[in-house]
Amino acid sequence: MKIRRFTVKVIKWAICIVVSLMLFTIVKDYLKGIYDDYQLEYTSTATTKGKDVVVEIPSGATESQIAEILKKNGLIKYKTAFTRRLSNSEYSGKLHSGTYTFNTGMNTLQMMELMAEEKPIEGPIDKLVVPEGFTIDQIAARCEEQNICTKSEFIKALKSVTTNEFPYLADVPDTGVRYRLEGFLFPATYDIYKDTTAESLVDEMIRTFKYHYTDSMKEKTEELGLTVYQVIIMASMVERECKIGSERRIVAGVFNNRLADGMLLQVDPTVLYPLTEGMYNKDVVTYDDLELDSPYNTYKYEGLPVGPICNPGDECIRAVLYPEEHNYYYYHIINEEEGRHVFTETFEEHQESMGD
């Protein structure tokens, strides 16, 4: 019985050893296969017959991100084989963004060579003029008119911008605001290129804002006890109210006087902005319009509107940062064509100046 038991144990051990050796051989062969594939992709200069694959390499993509894109499109197996070969090649740091047609039979050096080719710099194919006081809806409409992108593409692009990408968004309320980026798409003339997208255009506009809102402006903002968002809200109202540059600091002072005394701001464009959905395609504000229940309506709600009512330019931002100090609380337009206003200190003077 003891001999039989011993024999069974020996057989079991022998089977375990054989199985282990078999598994070891399988794993070894598997790992060797991976290693050989890796080395082949890392060193191969051969070309085989494959199929064409169109790939988009976005602007600013890192070498690791490019490798990930190639892997997702079935052009390479191993990201590290690509990036390692690239770092040791003449193409390191020279890969360009763009749309490429690769072939699955290409070796990685051929792909690198294609992406590293010097491309002639193409000039702009169009220009987008964004005037001071334009809203996001007006910019989106103009983009669609000029076939740069559709309105919905533009709106989608700006809605995708996060606080990490644009820290000024941290001060924007979570609710009630039509667009979080309203006020921050800086008015300027933008070059449009063949590869311009809604995303790249929005990115350029907010980068332009950050460039124009200087450190000295930020310091002045803090000195006034305001946030950048509050400055832009006030500047947007000045922008929609004033055509004449010399009046902007005066109007900013009127706003400050009214806010300090707890008066309603009563600025017509704060009614027109929500009423026309940002298009300002209505000129006259009626008494019924003034009853519009909107957090933008400064006839109905005290303080600043919930958000900017357009995208203001440099002059209006500076007018808010450096307002004129005076005793004016009222103003009304006296020359529609020029946009000139008369300013008064009391309501009685205001009525008299209007001929009431």
# chains A, B, ... in the order shown; residues from 1 in each chain; ligands from 1
>>> select_by_dssp(residues="range 83-224 of chain A", states="helix (DSSP H, G or I)", output="PyMOL selection string")
chain A and resi 83-87+108-116+136-145+151-159+167-171+198-212+215-223
>>> write_last_selection(atoms="C-alpha atoms", output="compact mmCIF listing (two decimals), in the first residue's frame")
# COMPACT_ATOMS: atom_id res chain seq x y z
CA THR A 83 7.97 57.00 -29.08
CA ARG A 84 11.32 55.29 -28.35
CA ARG A 85 12.15 55.06 -32.05
CA LEU A 86 11.02 58.64 -32.59
CA SER A 87 13.21 59.99 -29.77
CA THR A 108 6.95 53.64 -38.25
CA LEU A 109 9.86 55.56 -39.78
CA GLN A 110 7.79 56.19 -42.90
CA MET A 111 4.94 57.55 -40.77
CA MET A 112 7.35 59.83 -38.91
CA GLU A 113 8.86 61.08 -42.15
CA LEU A 114 5.41 61.91 -43.50
CA MET A 115 4.43 63.85 -40.36
CA ALA A 116 7.78 65.66 -40.26
CA ILE A 136 -22.07 85.37 -28.64
CA ASP A 137 -25.25 84.84 -30.65
CA GLN A 138 -24.22 87.56 -33.11
CA ILE A 139 -20.71 86.11 -33.43
CA ALA A 140 -22.14 82.62 -34.01
CA ALA A 141 -24.49 83.96 -36.69
CA ARG A 142 -21.62 85.74 -38.46
CA CYS A 143 -19.50 82.57 -38.36
CA GLU A 144 -22.30 80.69 -40.09
CA GLU A 145 -22.79 83.47 -42.67
CA LYS A 151 -23.97 78.45 -35.11
CA SER A 152 -24.50 75.22 -33.20
CA GLU A 153 -20.83 74.21 -33.64
CA PHE A 154 -19.70 77.58 -32.28
CA ILE A 155 -22.04 77.39 -29.28
CA LYS A 156 -21.00 73.79 -28.57
CA ALA A 157 -17.32 74.78 -28.68
CA LEU A 158 -17.67 77.62 -26.19
CA LYS A 159 -19.80 75.52 -23.84
CA PRO A 167 -10.00 80.47 -14.68
CA TYR A 168 -12.22 83.58 -14.98
CA LEU A 169 -15.21 81.22 -15.29
CA ALA A 170 -14.91 80.48 -11.57
CA ASP A 171 -16.85 83.68 -10.79
CA ALA A 198 -15.06 76.48 -33.92
CA GLU A 199 -12.89 75.18 -31.07
CA SER A 200 -9.70 76.86 -32.30
CA LEU A 201 -11.57 80.12 -32.91
CA VAL A 202 -13.09 80.21 -29.41
CA ASP A 203 -9.68 79.35 -27.96
CA GLU A 204 -8.07 82.26 -29.82
CA MET A 205 -10.77 84.67 -28.63
CA ILE A 206 -10.35 83.82 -24.95
CA ARG A 207 -6.56 83.89 -25.29
CA THR A 208 -6.93 87.37 -26.77
CA PHE A 209 -9.03 88.40 -23.77
CA LYS A 210 -6.38 87.13 -21.36
CA TYR A 211 -3.74 89.08 -23.28
CA HIS A 212 -5.76 92.32 -23.14
CA ASP A 215 -1.83 92.56 -14.76
CA SER A 216 -2.37 96.26 -14.06
CA MET A 217 -6.07 95.79 -14.85
CA LYS A 218 -6.23 92.85 -12.44
CA GLU A 219 -4.57 94.94 -9.73
CA LYS A 220 -7.04 97.78 -10.31
CA THR A 221 -9.93 95.31 -10.20
CA GLU A 222 -8.81 94.07 -6.77
CA GLU A 223 -8.27 97.66 -5.61
>>> select_by_dssp(residues="range 28-265 of chain A", states="strand (DSSP E)", output="list in words")
Asp52, Val53, Val54, Val55, Glu56, Ile57, Gly98, Thr99, Tyr100, Thr101, Phe102, Asn103, Asp126, Lys127, Leu128, Val129, Thr189, Tyr190, Asp191 and Ile192 of chain A
>>> closest_residue(among="A:Met279, A:Cys242, A:Ile69, A:Leu290", to="Glu338 in chain A", atoms="only C-alpha atoms")
A:Cys242
>>> closest_residue(among="A:Pro274, A:Pro323, A:Gly183, A:Pro308", to="Ser246 in chain A", atoms="only C-alpha atoms")
A:Pro323
>>> atom_distance(atom1="CA of Val228 in chain A", atom2="CA of Leu264 in chain A")
21.7 Å
>>> residues_around(residues="Val177 in chain A", least_positions_apart="2", cutoff="7 Å", atoms="only C-alpha atoms", output="VMD selection string")
chain A and resid 173 175 179 to 180 306 to 307
>>> write_last_selection(atoms="N, CA and C atoms", output="tab-separated table (two decimals), in the first residue's frame")
chain	number	residue	atom	x	y	z
A	173	PRO	N	-21.96	82.64	-12.16
A	173	PRO	CA	-22.99	81.87	-11.44
A	173	PRO	C	-23.34	80.58	-12.16
A	175	THR	N	-26.32	79.24	-12.40
A	175	THR	CA	-27.62	79.31	-13.06
A	175	THR	C	-27.95	80.73	-13.49
A	179	TYR	N	-24.83	82.47	-21.44
A	179	TYR	CA	-23.59	81.80	-21.82
A	179	TYR	C	-22.51	82.17	-20.81
A	180	ARG	N	-21.79	81.20	-20.31
A	180	ARG	CA	-20.75	81.46	-19.32
A	180	ARG	C	-19.60	82.27	-19.90
A	306	VAL	N	-27.25	89.44	-14.12
A	306	VAL	CA	-26.61	88.18	-13.74
A	306	VAL	C	-25.32	87.93	-14.50
A	307	GLY	N	-25.22	88.52	-15.71
A	307	GLY	CA	-24.02	88.32	-16.52
A	307	GLY	C	-23.86	89.42	-17.54
>>> residues_around(residues="Lys49 in chain A", least_positions_apart="2", cutoff="12 Å", atoms="only C-alpha atoms", output="PyMOL selection string")
chain A and resi 46-47+51-52+102-107
>>> write_last_selection(atoms="N, CA, C and O atoms", output="tab-separated table (two decimals), in the first residue's frame")
chain	number	residue	atom	x	y	z
A	46	ALA	N	10.84	47.57	-43.35
A	46	ALA	CA	10.11	46.89	-44.43
A	46	ALA	C	8.75	47.55	-44.67
A	46	ALA	O	8.19	48.18	-43.78
A	47	THR	N	8.23	47.37	-45.88
A	47	THR	CA	6.91	47.87	-46.23
A	47	THR	C	6.09	46.71	-46.77
A	47	THR	O	6.59	45.93	-47.59
A	51	LYS	N	-3.89	48.67	-45.94
A	51	LYS	CA	-4.99	49.53	-46.34
A	51	LYS	C	-4.75	50.95	-45.84
A	51	LYS	O	-4.10	51.18	-44.81
A	52	ASP	N	-5.26	51.92	-46.60
A	52	ASP	CA	-5.09	53.32	-46.24
A	52	ASP	C	-5.98	53.69	-45.05
A	52	ASP	O	-7.12	53.23	-44.95
A	102	PHE	N	-2.17	57.44	-43.95
A	102	PHE	CA	-1.16	56.42	-43.70
A	102	PHE	C	-1.65	55.09	-44.29
A	102	PHE	O	-2.80	54.96	-44.70
A	103	ASN	N	-0.75	54.10	-44.29
A	103	ASN	CA	-1.11	52.75	-44.72
A	103	ASN	C	-0.68	51.78	-43.65
A	103	ASN	O	0.39	51.95	-43.04
A	104	THR	N	-1.51	50.78	-43.39
A	104	THR	CA	-1.20	49.81	-42.33
A	104	THR	C	0.07	49.02	-42.64
A	104	THR	O	0.62	48.36	-41.76
A	105	GLY	N	0.53	49.06	-43.90
A	105	GLY	CA	1.76	48.35	-44.27
A	105	GLY	C	3.01	49.19	-44.11
A	105	GLY	O	4.13	48.71	-44.33
A	106	MET	N	2.85	50.46	-43.71
A	106	MET	CA	4.00	51.34	-43.50
A	106	MET	C	4.78	50.93	-42.25
A	106	MET	O	4.19	50.45	-41.28
A	107	ASN	N	6.09	51.16	-42.26
A	107	ASN	CA	6.83	51.05	-41.01
A	107	ASN	C	6.78	52.40	-40.31
A	107	ASN	O	6.40	53.42	-40.91
>>> atom_distance(atom1="CA of Leu265 in chain A", atom2="CA of Pro131 in chain A")
24.8 Å
>>> closest_residue(among="A:Glu302, A:Asp314, A:Glu41, A:Glu277", to="Phe184 in chain A", atoms="only C-alpha atoms")
A:Asp314
>>> closest_residue(among="A:Val320, A:Ile192, A:Ala67, A:Cys310", to="Pro124 in chain A", atoms="only C-alpha atoms")
A:Ile192
>>> closest_residue(among="A:Tyr301, A:Val130, A:Ala319, A:Asn257", to="Thr346 in chain A", atoms="only C-alpha atoms")
A:Asn257
>>> atom_distance(atom1="CA of Leu185 in chain A", atom2="CA of Asn311 in chain A")
6.1 Å
>>> residues_around(residues="Cys316 in chain A", least_positions_apart="2", cutoff="8 Å", atoms="only C-alpha atoms", output="ChimeraX atom specification")
/A:235-236,238-239,248-249,312-314,318-320
>>> decode(residues="range 212-244 of chain A", atoms="N, CA and C atoms", output="CSV table (one decimal), in the first residue's frame")
chain,number,residue,atom,x,y,z
A,212,HIS,N,-5.3,90.9,-23.3
A,212,HIS,CA,-5.8,92.3,-23.1
A,212,HIS,C,-6.1,92.7,-21.7
A,213,TYR,N,-6.5,91.7,-20.9
A,213,TYR,CA,-6.8,92.0,-19.5
A,213,TYR,C,-5.5,91.9,-18.7
A,214,THR,N,-4.8,93.0,-18.7
A,214,THR,CA,-3.4,93.0,-18.2
A,214,THR,C,-3.3,92.8,-16.7
A,215,ASP,N,-2.1,92.7,-16.2
A,215,ASP,CA,-1.8,92.6,-14.8
A,215,ASP,C,-2.2,93.8,-14.0
A,216,SER,N,-2.0,95.0,-14.7
A,216,SER,CA,-2.4,96.3,-14.1
A,216,SER,C,-3.9,96.4,-14.0
A,217,MET,N,-4.6,95.8,-14.9
A,217,MET,CA,-6.1,95.8,-14.9
A,217,MET,C,-6.5,94.9,-13.7
A,218,LYS,N,-5.9,93.8,-13.5
A,218,LYS,CA,-6.2,92.8,-12.4
A,218,LYS,C,-6.0,93.5,-11.1
A,219,GLU,N,-4.9,94.2,-11.0
A,219,GLU,CA,-4.6,94.9,-9.7
A,219,GLU,C,-5.6,96.0,-9.4
A,220,LYS,N,-6.0,96.7,-10.5
A,220,LYS,CA,-7.0,97.8,-10.3
A,220,LYS,C,-8.4,97.2,-9.9
A,221,THR,N,-8.7,96.0,-10.5
A,221,THR,CA,-9.9,95.3,-10.2
A,221,THR,C,-10.0,95.0,-8.7
A,222,GLU,N,-8.9,94.4,-8.2
A,222,GLU,CA,-8.8,94.1,-6.8
A,222,GLU,C,-8.9,95.3,-5.9
A,223,GLU,N,-8.2,96.4,-6.4
A,223,GLU,CA,-8.3,97.7,-5.6
A,223,GLU,C,-9.7,98.2,-5.5
A,224,LEU,N,-10.5,98.0,-6.5
A,224,LEU,CA,-11.9,98.5,-6.5
A,224,LEU,C,-12.8,97.5,-5.7
A,225,GLY,N,-12.3,96.4,-5.3
A,225,GLY,CA,-13.1,95.4,-4.5
A,225,GLY,C,-14.1,94.6,-5.4
A,226,LEU,N,-13.7,94.5,-6.7
A,226,LEU,CA,-14.6,93.8,-7.7
A,226,LEU,C,-13.9,92.6,-8.2
A,227,THR,N,-14.7,91.7,-8.8
A,227,THR,CA,-14.2,90.6,-9.5
A,227,THR,C,-14.1,91.0,-11.0
A,228,VAL,N,-13.3,90.2,-11.7
A,228,VAL,CA,-13.2,90.5,-13.2
A,228,VAL,C,-14.5,90.3,-13.8
A,229,TYR,N,-15.3,89.4,-13.4
A,229,TYR,CA,-16.6,89.1,-14.0
A,229,TYR,C,-17.5,90.4,-13.8
A,230,GLN,N,-17.5,91.0,-12.6
A,230,GLN,CA,-18.3,92.2,-12.3
A,230,GLN,C,-17.8,93.3,-13.2
A,231,VAL,N,-16.5,93.5,-13.4
A,231,VAL,CA,-16.0,94.5,-14.3
A,231,VAL,C,-16.5,94.3,-15.7
A,232,ILE,N,-16.5,93.1,-16.2
A,232,ILE,CA,-16.9,92.8,-17.6
A,232,ILE,C,-18.5,93.0,-17.7
A,233,ILE,N,-19.2,92.7,-16.7
A,233,ILE,CA,-20.7,92.9,-16.7
A,233,ILE,C,-20.9,94.4,-16.9
A,234,MET,N,-20.3,95.2,-16.1
A,234,MET,CA,-20.5,96.7,-16.2
A,234,MET,C,-20.0,97.2,-17.5
A,235,ALA,N,-18.8,96.7,-17.9
A,235,ALA,CA,-18.2,97.2,-19.2
A,235,ALA,C,-19.2,96.8,-20.4
A,236,SER,N,-19.8,95.7,-20.3
A,236,SER,CA,-20.8,95.3,-21.4
A,236,SER,C,-22.0,96.2,-21.4
A,237,MET,N,-22.4,96.7,-20.3
A,237,MET,CA,-23.5,97.7,-20.3
A,237,MET,C,-23.0,99.1,-20.8
A,238,VAL,N,-21.8,99.5,-20.5
A,238,VAL,CA,-21.3,100.7,-21.0
A,238,VAL,C,-21.2,100.6,-22.5
A,239,GLU,N,-20.7,99.4,-23.0
A,239,GLU,CA,-20.5,99.2,-24.4
A,239,GLU,C,-21.8,99.3,-25.2
A,240,ARG,N,-22.9,98.8,-24.7
A,240,ARG,CA,-24.2,98.8,-25.4
A,240,ARG,C,-24.8,100.2,-25.2
A,241,GLU,N,-24.5,101.0,-24.2
A,241,GLU,CA,-25.1,102.3,-24.0
A,241,GLU,C,-24.4,103.4,-24.7
A,242,CYS,N,-23.1,103.3,-25.0
A,242,CYS,CA,-22.3,104.4,-25.4
A,242,CYS,C,-21.7,104.2,-26.8
A,243,LYS,N,-21.9,105.2,-27.7
A,243,LYS,CA,-21.2,105.2,-29.0
A,243,LYS,C,-20.0,106.1,-28.9
A,244,ILE,N,-20.1,107.1,-28.1
A,244,ILE,CA,-19.1,108.2,-28.0
A,244,ILE,C,-18.1,107.8,-26.9
